[in-house]
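Visitor: Can you keep this structure in mind? I'll have questions shortly.
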Amino acid sequence: MVRASIDYVQYLSDPPFVSGPAPGFAGGPPVNGVPVHPVPMKKGVPIPGAVPLRKLERRSGGRIVAGVAGGIADHLGIDVLKVRVAFTILAAMAGSGIVIYGALWIFTSAGTDTQKPSAAERQRAYGLIALGLGGAAALSWLFSGTAGSVLAPFFVVAIGAALVWREFDSDGPRTVIGLPQRPTVLTWARVVGGATLIILGLGVVVLAQVDLEALRSSLLAVVVTLIGVGLLTVPLWLRMWRALGAERAARIRNDEREEIASHLHDSVLQTLALIQKQSDNPQEVARLARGQERELRKWLFSGGDIDHTSLTEGLKIIAGEVEDQHGVTVRPVTVGDVQLEGEGVENGLPKEAFTALLGATREALVNSAKHSGEKEINLFAEVEGDQVSVFVRDRGVGFDVDAVPEDRQGLAKSIRGRIERRGGRVVVRSDIGKGTEIRVHMPLGDSALKWDQTADRVDNPEEQPQ
């Protein structure tokens, strides 16, 4: 039904100029007296210039309500206004568009786009929403005689549910109850306002159908029933709550274990590898051991405190340490800067994400210094509006990413694992004989990561988001 409505709207906005196939195409008029026959296409052979269909996903950053219309438009490759007009027409048909929109909202996953809609696009969308609701009310009253006292509460409940659903469906880290980890005043206003609209709408429907005396008895029966059900299910709720707490504690312990393993790999194991190479130089071995002892004691007893709060400063310190330990030249270049999140710092990186980004960058530099065979490594960092990107590049021997042994945990644990645990993404590009590039992306705040299709997907077709 949605597809048929979209086709009809597209037909009205882009009418065909000719009826039937054009001359020179299969089934069309002959050219110079010679008929044109269809040419069979081989299965699996791509058509030149054809645009592949995108996966059906709701828009995340560019949504007005839930991003359903935008996701359908992106999937079909058409203007989103046509899809919204189609939903408006369907909404006027006894509210079927509202039901279809809600079903697609529930059963379609959200995308990773971040582009916000313009003010003009929002105004057009809100106008179409009002037109659809008004059309549904008018047509229902004309054809079925449904009174406004019935339709108005239904629309109020639908609007309230949309407000609440939208906040629980937003991107970013979530709390236990499903709200954003750092809810704003506007978030709470939408949730409370939506819940109020739902209660008012349902209350009007109930009061219109039941007299007050019967309503009082019914409410008393419902309350008594709920109390009884609650008493019977107390053990079940307690068990579920304890299981949730145990699962959360296990997840925290596992994250801490992974962090400790990553740090030990980056520090102690790397130092032991250097000591093996310098086994014939007792003075160098002693220097490395003393330095590693000081670093390990500081990490164990400082509580994970960070000496620097600037990404640029931290990258320069890491580059200097790698140069001193491995005898290579690291050339850091930064565009923009971001601070460690704290008092007086807005839109900064949380401590966990900050340390993970620096730790993964250090491990990438160490891997290049040890395995690339090159004496010069390029380090580039860029702070964009919604994410931080770090690139580590060398022109060394390169390697086959799929052929890395399972016991080599540097790439899997110290780089990819520690970044993905904080909501980031790692892309590895390596060509044997041409060098290696490791891209680390970390989101800022509660924003979702932006997928750079023109860069990451072309270079790494296997590294596409799921």
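If you're wondering about the labels, chains in the structure tokens are A, B, ... by order shown, residues count from 1 in each chain, ligands from 1 in order shown.
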For Arg395 (chain A), find every residue with an atom within 10 Å (counting only C-alpha atoms), except residues of its own chain fewer than 4 positions away, and show them as a PyMOL selection string.
Guide: chain A and resi 368+372-378+430-437
Visitor: Please produce a file of those selected residues containing N, CA and C atoms, as an mmCIF file, in the first residue's frame.
Guide:
```cif
data_model
loop_
_atom_site.group_PDB
_atom_site.id
_atom_site.type_symbol
_atom_site.label_atom_id
_atom_site.label_comp_id
_atom_site.auth_asym_id
_atom_site.auth_seq_id
_atom_site.Cartn_x
_atom_site.Cartn_y
_atom_site.Cartn_z
ATOM 1 N N SER A 368 53.469 -0.501 14.175
ATOM 2 C CA SER A 368 54.154 -0.005 12.981
ATOM 3 C C SER A 368 55.655 0.052 13.206
ATOM 4 N N SER A 372 56.727 -2.864 10.674
ATOM 5 C CA SER A 372 56.684 -2.296 9.321
ATOM 6 C C SER A 372 58.044 -2.281 8.646
ATOM 7 N N GLY A 373 59.125 -2.202 9.447
ATOM 8 C CA GLY A 373 60.450 -2.075 8.855
ATOM 9 C C GLY A 373 60.793 -0.662 8.432
ATOM 10 N N GLU A 374 59.902 0.294 8.683
ATOM 11 C CA GLU A 374 60.132 1.693 8.327
ATOM 12 C C GLU A 374 60.600 2.472 9.550
ATOM 13 N N LYS A 375 61.362 3.532 9.307
ATOM 14 C CA LYS A 375 61.854 4.381 10.376
ATOM 15 C C LYS A 375 61.024 5.651 10.545
ATOM 16 N N GLU A 376 59.989 5.808 9.733
ATOM 17 C CA GLU A 376 59.153 7.003 9.826
ATOM 18 C C GLU A 376 57.679 6.598 9.799
ATOM 19 N N ILE A 377 56.924 7.098 10.757
ATOM 20 C CA ILE A 377 55.498 6.789 10.893
ATOM 21 C C ILE A 377 54.727 8.099 10.936
ATOM 22 N N ASN A 378 53.630 8.151 10.227
ATOM 23 C CA ASN A 378 52.789 9.343 10.197
ATOM 24 C C ASN A 378 51.598 9.160 11.133
ATOM 25 N N SER A 430 45.664 -2.613 4.873
ATOM 26 C CA SER A 430 47.055 -3.007 4.715
ATOM 27 C C SER A 430 47.238 -3.746 3.398
ATOM 28 N N ASP A 431 48.257 -3.347 2.651
ATOM 29 C CA ASP A 431 48.631 -4.005 1.406
ATOM 30 C C ASP A 431 50.070 -4.476 1.531
ATOM 31 N N ILE A 432 50.293 -5.740 1.230
ATOM 32 C CA ILE A 432 51.641 -6.292 1.336
ATOM 33 C C ILE A 432 52.569 -5.559 0.376
ATOM 34 N N GLY A 433 53.649 -5.035 0.936
ATOM 35 C CA GLY A 433 54.624 -4.297 0.144
ATOM 36 C C GLY A 433 54.327 -2.823 -0.012
ATOM 37 N N LYS A 434 53.151 -2.373 0.454
ATOM 38 C CA LYS A 434 52.783 -0.962 0.289
ATOM 39 C C LYS A 434 52.584 -0.235 1.616
ATOM 40 N N GLY A 435 52.388 -0.959 2.694
ATOM 41 C CA GLY A 435 52.234 -0.301 3.978
ATOM 42 C C GLY A 435 50.898 -0.588 4.633
ATOM 43 N N THR A 436 50.692 0.047 5.781
ATOM 44 C CA THR A 436 49.510 -0.190 6.606
ATOM 45 C C THR A 436 48.946 1.139 7.089
ATOM 46 N N GLU A 437 47.633 1.191 7.163
ATOM 47 C CA GLU A 437 46.948 2.348 7.743
ATOM 48 C C GLU A 437 45.875 1.843 8.697
#
```
Visitor: Please report, as a short mmCIF file (atom, residue, chain, number, x, y, z; two decimals) with N, CA and C atoms, in the first residue's frame, each residue of region 221-402 of chain A to which DSSP assigns alpha helix (DSSP H) when run on this structure's backbone.
Guide:
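Saved file out05.cif follows:
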```
data_model
loop_
_atom_site.label_atom_id
_atom_site.label_comp_id
_atom_site.auth_asym_id
_atom_site.auth_seq_id
_atom_site.Cartn_x
_atom_site.Cartn_y
_atom_site.Cartn_z
N ALA A 221 -11.82 -2.44 41.52
CA ALA A 221 -11.55 -3.83 41.15
C ALA A 221 -10.20 -3.96 40.46
N VAL A 222 -9.88 -3.00 39.59
CA VAL A 222 -8.59 -3.05 38.88
C VAL A 222 -7.44 -2.90 39.86
N VAL A 223 -7.56 -1.95 40.81
CA VAL A 223 -6.48 -1.72 41.78
C VAL A 223 -6.26 -2.96 42.64
N VAL A 224 -7.35 -3.56 43.12
CA VAL A 224 -7.23 -4.77 43.95
C VAL A 224 -6.59 -5.90 43.15
N THR A 225 -6.97 -6.04 41.89
CA THR A 225 -6.38 -7.09 41.04
C THR A 225 -4.89 -6.86 40.83
N LEU A 226 -4.51 -5.61 40.58
CA LEU A 226 -3.09 -5.30 40.38
C LEU A 226 -2.28 -5.58 41.65
N ILE A 227 -2.84 -5.24 42.81
CA ILE A 227 -2.13 -5.52 44.06
C ILE A 227 -1.94 -7.02 44.24
N GLY A 228 -2.99 -7.80 43.95
CA GLY A 228 -2.87 -9.25 44.07
C GLY A 228 -1.84 -9.83 43.12
N VAL A 229 -1.87 -9.37 41.87
CA VAL A 229 -0.89 -9.85 40.89
C VAL A 229 0.52 -9.46 41.31
N GLY A 230 0.66 -8.23 41.85
CA GLY A 230 1.98 -7.79 42.29
C GLY A 230 2.52 -8.65 43.42
N LEU A 231 1.66 -9.00 44.40
CA LEU A 231 2.10 -9.85 45.50
C LEU A 231 2.49 -11.24 45.01
N LEU A 232 1.75 -11.76 44.05
CA LEU A 232 2.06 -13.10 43.53
C LEU A 232 3.36 -13.13 42.74
N VAL A 234 6.02 -11.06 43.14
CA VAL A 234 7.19 -10.46 43.79
C VAL A 234 8.44 -11.32 43.64
N PRO A 235 8.39 -12.65 43.87
CA PRO A 235 9.60 -13.45 43.68
C PRO A 235 10.14 -13.38 42.24
N LEU A 236 9.24 -13.34 41.26
CA LEU A 236 9.68 -13.26 39.87
C LEU A 236 10.40 -11.94 39.61
N TRP A 237 9.83 -10.82 40.08
CA TRP A 237 10.47 -9.52 39.87
C TRP A 237 11.82 -9.45 40.59
N LEU A 238 11.89 -9.99 41.80
CA LEU A 238 13.16 -9.99 42.52
C LEU A 238 14.21 -10.80 41.78
N ARG A 239 13.81 -11.96 41.26
CA ARG A 239 14.76 -12.78 40.51
C ARG A 239 15.25 -12.06 39.26
N MET A 240 14.33 -11.41 38.54
CA MET A 240 14.72 -10.67 37.35
C MET A 240 15.66 -9.52 37.71
N TRP A 241 15.37 -8.82 38.81
CA TRP A 241 16.22 -7.70 39.21
C TRP A 241 17.62 -8.18 39.60
N ARG A 242 17.69 -9.30 40.34
CA ARG A 242 19.00 -9.84 40.72
C ARG A 242 19.77 -10.33 39.51
N ALA A 243 19.06 -10.97 38.56
CA ALA A 243 19.73 -11.43 37.34
C ALA A 243 20.27 -10.25 36.54
N LEU A 244 19.50 -9.17 36.48
CA LEU A 244 19.97 -7.98 35.78
C LEU A 244 21.20 -7.39 36.46
N GLY A 245 21.18 -7.34 37.81
CA GLY A 245 22.34 -6.83 38.53
C GLY A 245 23.57 -7.71 38.35
N ALA A 246 23.36 -9.04 38.38
CA ALA A 246 24.49 -9.95 38.18
C ALA A 246 25.07 -9.83 36.78
N GLU A 247 24.18 -9.70 35.78
CA GLU A 247 24.66 -9.53 34.41
C GLU A 247 25.45 -8.24 34.25
N ARG A 248 24.96 -7.17 34.86
CA ARG A 248 25.66 -5.88 34.78
C ARG A 248 27.02 -5.96 35.47
N ALA A 249 27.07 -6.62 36.65
CA ALA A 249 28.35 -6.76 37.35
C ALA A 249 29.33 -7.60 36.55
N ALA A 250 28.84 -8.68 35.92
CA ALA A 250 29.72 -9.51 35.10
C ALA A 250 30.25 -8.74 33.90
N ARG A 251 29.39 -7.91 33.30
CA ARG A 251 29.84 -7.11 32.17
C ARG A 251 30.91 -6.10 32.59
N ILE A 252 30.72 -5.49 33.77
CA ILE A 252 31.71 -4.53 34.26
C ILE A 252 33.03 -5.23 34.54
N ARG A 253 32.97 -6.41 35.17
CA ARG A 253 34.20 -7.15 35.45
C ARG A 253 34.91 -7.54 34.16
N ASN A 254 34.15 -7.96 33.17
CA ASN A 254 34.76 -8.34 31.90
C ASN A 254 35.42 -7.14 31.23
N ASP A 255 34.76 -5.97 31.28
CA ASP A 255 35.37 -4.77 30.70
C ASP A 255 36.65 -4.39 31.43
N GLU A 256 36.63 -4.49 32.77
CA GLU A 256 37.85 -4.19 33.53
C GLU A 256 38.96 -5.18 33.20
N ARG A 257 38.59 -6.45 33.06
CA ARG A 257 39.60 -7.46 32.71
C ARG A 257 40.21 -7.18 31.34
N GLU A 258 39.36 -6.77 30.40
CA GLU A 258 39.86 -6.44 29.07
C GLU A 258 40.77 -5.22 29.11
N GLU A 259 40.41 -4.23 29.93
CA GLU A 259 41.25 -3.03 30.04
C GLU A 259 42.61 -3.37 30.65
N ILE A 260 42.61 -4.21 31.69
CA ILE A 260 43.88 -4.60 32.31
C ILE A 260 44.73 -5.39 31.33
N ALA A 261 44.10 -6.32 30.60
CA ALA A 261 44.85 -7.10 29.61
C ALA A 261 45.43 -6.21 28.52
N SER A 262 44.66 -5.23 28.07
CA SER A 262 45.15 -4.32 27.04
C SER A 262 46.33 -3.50 27.55
N HIS A 263 46.22 -3.01 28.79
CA HIS A 263 47.32 -2.20 29.33
C HIS A 263 48.59 -3.03 29.53
N LEU A 264 48.43 -4.25 30.07
CA LEU A 264 49.60 -5.10 30.25
C LEU A 264 50.24 -5.46 28.92
N GLN A 270 55.25 -5.49 25.80
CA GLN A 270 56.08 -4.77 24.83
C GLN A 270 57.50 -4.57 25.37
N THR A 271 57.60 -4.26 26.66
CA THR A 271 58.92 -4.09 27.26
C THR A 271 59.69 -5.41 27.28
N LEU A 272 59.02 -6.51 27.58
CA LEU A 272 59.69 -7.81 27.55
C LEU A 272 60.19 -8.15 26.15
N ALA A 273 59.42 -7.78 25.14
CA ALA A 273 59.89 -8.01 23.77
C ALA A 273 61.13 -7.19 23.46
N LEU A 274 61.18 -5.94 23.95
CA LEU A 274 62.38 -5.13 23.75
C LEU A 274 63.57 -5.69 24.52
N ILE A 275 63.32 -6.21 25.73
CA ILE A 275 64.41 -6.80 26.52
C ILE A 275 64.99 -8.01 25.80
N GLN A 276 64.14 -8.83 25.17
CA GLN A 276 64.65 -9.97 24.41
C GLN A 276 65.58 -9.53 23.29
N LYS A 277 65.23 -8.43 22.62
CA LYS A 277 66.08 -7.95 21.53
C LYS A 277 67.39 -7.36 22.04
N PRO A 282 73.36 -5.49 28.88
CA PRO A 282 72.80 -5.47 30.24
C PRO A 282 72.34 -4.08 30.69
N GLN A 283 73.07 -3.05 30.31
CA GLN A 283 72.68 -1.70 30.74
C GLN A 283 71.32 -1.29 30.13
N GLU A 284 71.11 -1.61 28.86
CA GLU A 284 69.84 -1.28 28.22
C GLU A 284 68.70 -2.10 28.82
N VAL A 285 68.99 -3.37 29.14
CA VAL A 285 67.97 -4.21 29.77
C VAL A 285 67.57 -3.64 31.13
N ALA A 286 68.56 -3.22 31.92
CA ALA A 286 68.26 -2.63 33.23
C ALA A 286 67.47 -1.33 33.08
N ARG A 287 67.81 -0.51 32.10
CA ARG A 287 67.09 0.75 31.89
C ARG A 287 65.62 0.48 31.53
N LEU A 288 65.40 -0.47 30.63
CA LEU A 288 64.03 -0.80 30.25
C LEU A 288 63.24 -1.36 31.43
N ALA A 289 63.88 -2.21 32.24
CA ALA A 289 63.18 -2.80 33.39
C ALA A 289 62.82 -1.73 34.41
N ARG A 290 63.76 -0.80 34.71
CA ARG A 290 63.45 0.26 35.68
C ARG A 290 62.33 1.17 35.16
N GLY A 291 62.39 1.51 33.89
CA GLY A 291 61.34 2.36 33.32
C GLY A 291 59.97 1.69 33.36
N GLN A 292 59.94 0.39 33.05
CA GLN A 292 58.67 -0.33 33.08
C GLN A 292 58.15 -0.48 34.50
N GLU A 293 59.06 -0.67 35.46
CA GLU A 293 58.64 -0.76 36.85
C GLU A 293 57.99 0.54 37.32
N ARG A 294 58.62 1.68 36.98
CA ARG A 294 58.04 2.97 37.37
C ARG A 294 56.67 3.18 36.72
N GLU A 295 56.55 2.83 35.44
CA GLU A 295 55.28 3.02 34.74
C GLU A 295 54.19 2.13 35.33
N LEU A 296 54.54 0.87 35.66
CA LEU A 296 53.55 -0.06 36.20
C LEU A 296 53.10 0.36 37.60
N ARG A 297 54.05 0.81 38.44
CA ARG A 297 53.68 1.28 39.78
C ARG A 297 52.76 2.50 39.70
N LYS A 298 53.09 3.39 38.79
CA LYS A 298 52.26 4.60 38.63
C LYS A 298 50.85 4.23 38.20
N TRP A 299 50.74 3.28 37.29
CA TRP A 299 49.41 2.88 36.81
C TRP A 299 48.61 2.16 37.89
N LEU A 300 49.29 1.34 38.71
CA LEU A 300 48.60 0.56 39.73
C LEU A 300 48.10 1.43 40.87
N PHE A 301 48.88 2.43 41.28
CA PHE A 301 48.57 3.18 42.50
C PHE A 301 48.03 4.58 42.24
N LEU A 311 43.84 16.13 23.84
CA LEU A 311 44.18 15.07 22.89
C LEU A 311 45.48 15.37 22.17
N THR A 312 45.66 16.61 21.75
CA THR A 312 46.90 16.98 21.05
C THR A 312 48.11 16.74 21.93
N GLU A 313 48.03 17.16 23.19
CA GLU A 313 49.14 16.96 24.11
C GLU A 313 49.40 15.48 24.34
N GLY A 314 48.33 14.70 24.52
CA GLY A 314 48.51 13.27 24.74
C GLY A 314 49.14 12.56 23.55
N LEU A 315 48.75 12.92 22.33
CA LEU A 315 49.34 12.30 21.14
C LEU A 315 50.81 12.64 21.01
N LYS A 316 51.19 13.88 21.35
CA LYS A 316 52.60 14.26 21.28
C LYS A 316 53.43 13.47 22.30
N ILE A 317 52.89 13.28 23.50
CA ILE A 317 53.61 12.50 24.51
C ILE A 317 53.77 11.05 24.06
N ILE A 318 52.70 10.47 23.52
CA ILE A 318 52.78 9.09 23.04
C ILE A 318 53.78 8.96 21.90
N ALA A 319 53.77 9.91 20.97
CA ALA A 319 54.71 9.87 19.84
C ALA A 319 56.14 9.93 20.34
N GLY A 320 56.41 10.79 21.35
CA GLY A 320 57.76 10.87 21.89
C GLY A 320 58.20 9.59 22.58
N GLU A 321 57.29 8.96 23.32
CA GLU A 321 57.63 7.71 24.00
C GLU A 321 57.95 6.60 22.99
N VAL A 322 57.16 6.50 21.93
CA VAL A 322 57.42 5.47 20.92
C VAL A 322 58.74 5.74 20.21
N GLU A 323 59.05 7.00 19.95
CA GLU A 323 60.34 7.33 19.33
C GLU A 323 61.50 6.92 20.22
N ASP A 324 61.40 7.19 21.53
CA ASP A 324 62.49 6.86 22.45
C ASP A 324 62.66 5.36 22.60
N GLN A 325 61.57 4.61 22.64
CA GLN A 325 61.66 3.18 22.89
C GLN A 325 62.05 2.37 21.67
N HIS A 326 61.64 2.82 20.48
CA HIS A 326 61.82 1.99 19.28
C HIS A 326 62.72 2.62 18.23
N LYS A 351 36.39 10.02 30.22
CA LYS A 351 37.70 9.48 30.58
C LYS A 351 37.95 8.13 29.94
N GLU A 352 36.93 7.25 29.94
CA GLU A 352 37.12 5.92 29.37
C GLU A 352 37.41 5.98 27.88
N ALA A 353 36.67 6.82 27.16
CA ALA A 353 36.90 6.96 25.72
C ALA A 353 38.23 7.63 25.44
N PHE A 354 38.61 8.61 26.27
CA PHE A 354 39.88 9.33 26.09
C PHE A 354 41.07 8.39 26.24
N THR A 355 41.08 7.61 27.33
CA THR A 355 42.18 6.67 27.55
C THR A 355 42.20 5.56 26.51
N ALA A 356 41.01 5.10 26.08
CA ALA A 356 40.96 4.05 25.05
C ALA A 356 41.53 4.56 23.74
N LEU A 357 41.21 5.80 23.37
CA LEU A 357 41.72 6.36 22.12
C LEU A 357 43.23 6.51 22.15
N LEU A 358 43.78 7.01 23.26
CA LEU A 358 45.23 7.16 23.36
C LEU A 358 45.91 5.79 23.42
N GLY A 359 45.32 4.84 24.15
CA GLY A 359 45.92 3.51 24.23
C GLY A 359 45.94 2.80 22.89
N ALA A 360 44.84 2.88 22.14
CA ALA A 360 44.80 2.25 20.82
C ALA A 360 45.77 2.91 19.86
N THR A 361 45.90 4.24 19.95
CA THR A 361 46.86 4.94 19.09
C THR A 361 48.29 4.52 19.41
N ARG A 362 48.59 4.41 20.68
CA ARG A 362 49.94 3.98 21.08
C ARG A 362 50.24 2.58 20.55
N GLU A 363 49.28 1.67 20.69
CA GLU A 363 49.50 0.30 20.22
C GLU A 363 49.67 0.27 18.71
N ALA A 364 48.92 1.09 17.98
CA ALA A 364 49.08 1.14 16.52
C ALA A 364 50.46 1.66 16.14
N LEU A 365 50.95 2.68 16.86
CA LEU A 365 52.30 3.19 16.59
C LEU A 365 53.37 2.14 16.91
N VAL A 366 53.19 1.43 18.02
CA VAL A 366 54.17 0.39 18.39
C VAL A 366 54.17 -0.73 17.35
N ASN A 367 53.01 -1.14 16.88
CA ASN A 367 52.95 -2.18 15.86
C ASN A 367 53.67 -1.75 14.59
N SER A 368 53.47 -0.50 14.17
CA SER A 368 54.15 -0.01 12.98
C SER A 368 55.65 0.05 13.21
N ALA A 369 56.07 0.49 14.40
CA ALA A 369 57.50 0.59 14.68
C ALA A 369 58.17 -0.78 14.71
N LYS A 370 57.47 -1.80 15.20
CA LYS A 370 58.06 -3.13 15.34
C LYS A 370 58.01 -3.95 14.06
N HIS A 371 56.93 -3.82 13.29
CA HIS A 371 56.70 -4.77 12.21
C HIS A 371 56.78 -4.18 10.81
#
```
Visitor: Need the shell around Val68 (chain A): protein/DNA/RNA residues with any atom at most 10 Å away, counting only C-alpha atoms. Skip same-chain ones fewer than 2 positions apart. Format as a list in words?
Guide: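 Returned residues: Leu56, Glu57, Arg58, Arg59, Ser60, Arg63, Ile64, Val65, Ala66, Gly70, Gly71, Ile72, Ala73, Asp74, Val80, Val83, Arg84, Ile100, Tyr101, Gly102, Ala103, Leu104, Trp105, Ile106, Thr108, Ser109 and Ala110 of chain A.
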Visitor: For the atom pair CA of Ala94 (chain A) and CA of Leu81 (chain A), what is the interatomic distance in Å to one decimal place?
Guide: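 Pair CA of Ala94 (chain A) / CA of Leu81 (chain A) returns 21.5 Å.
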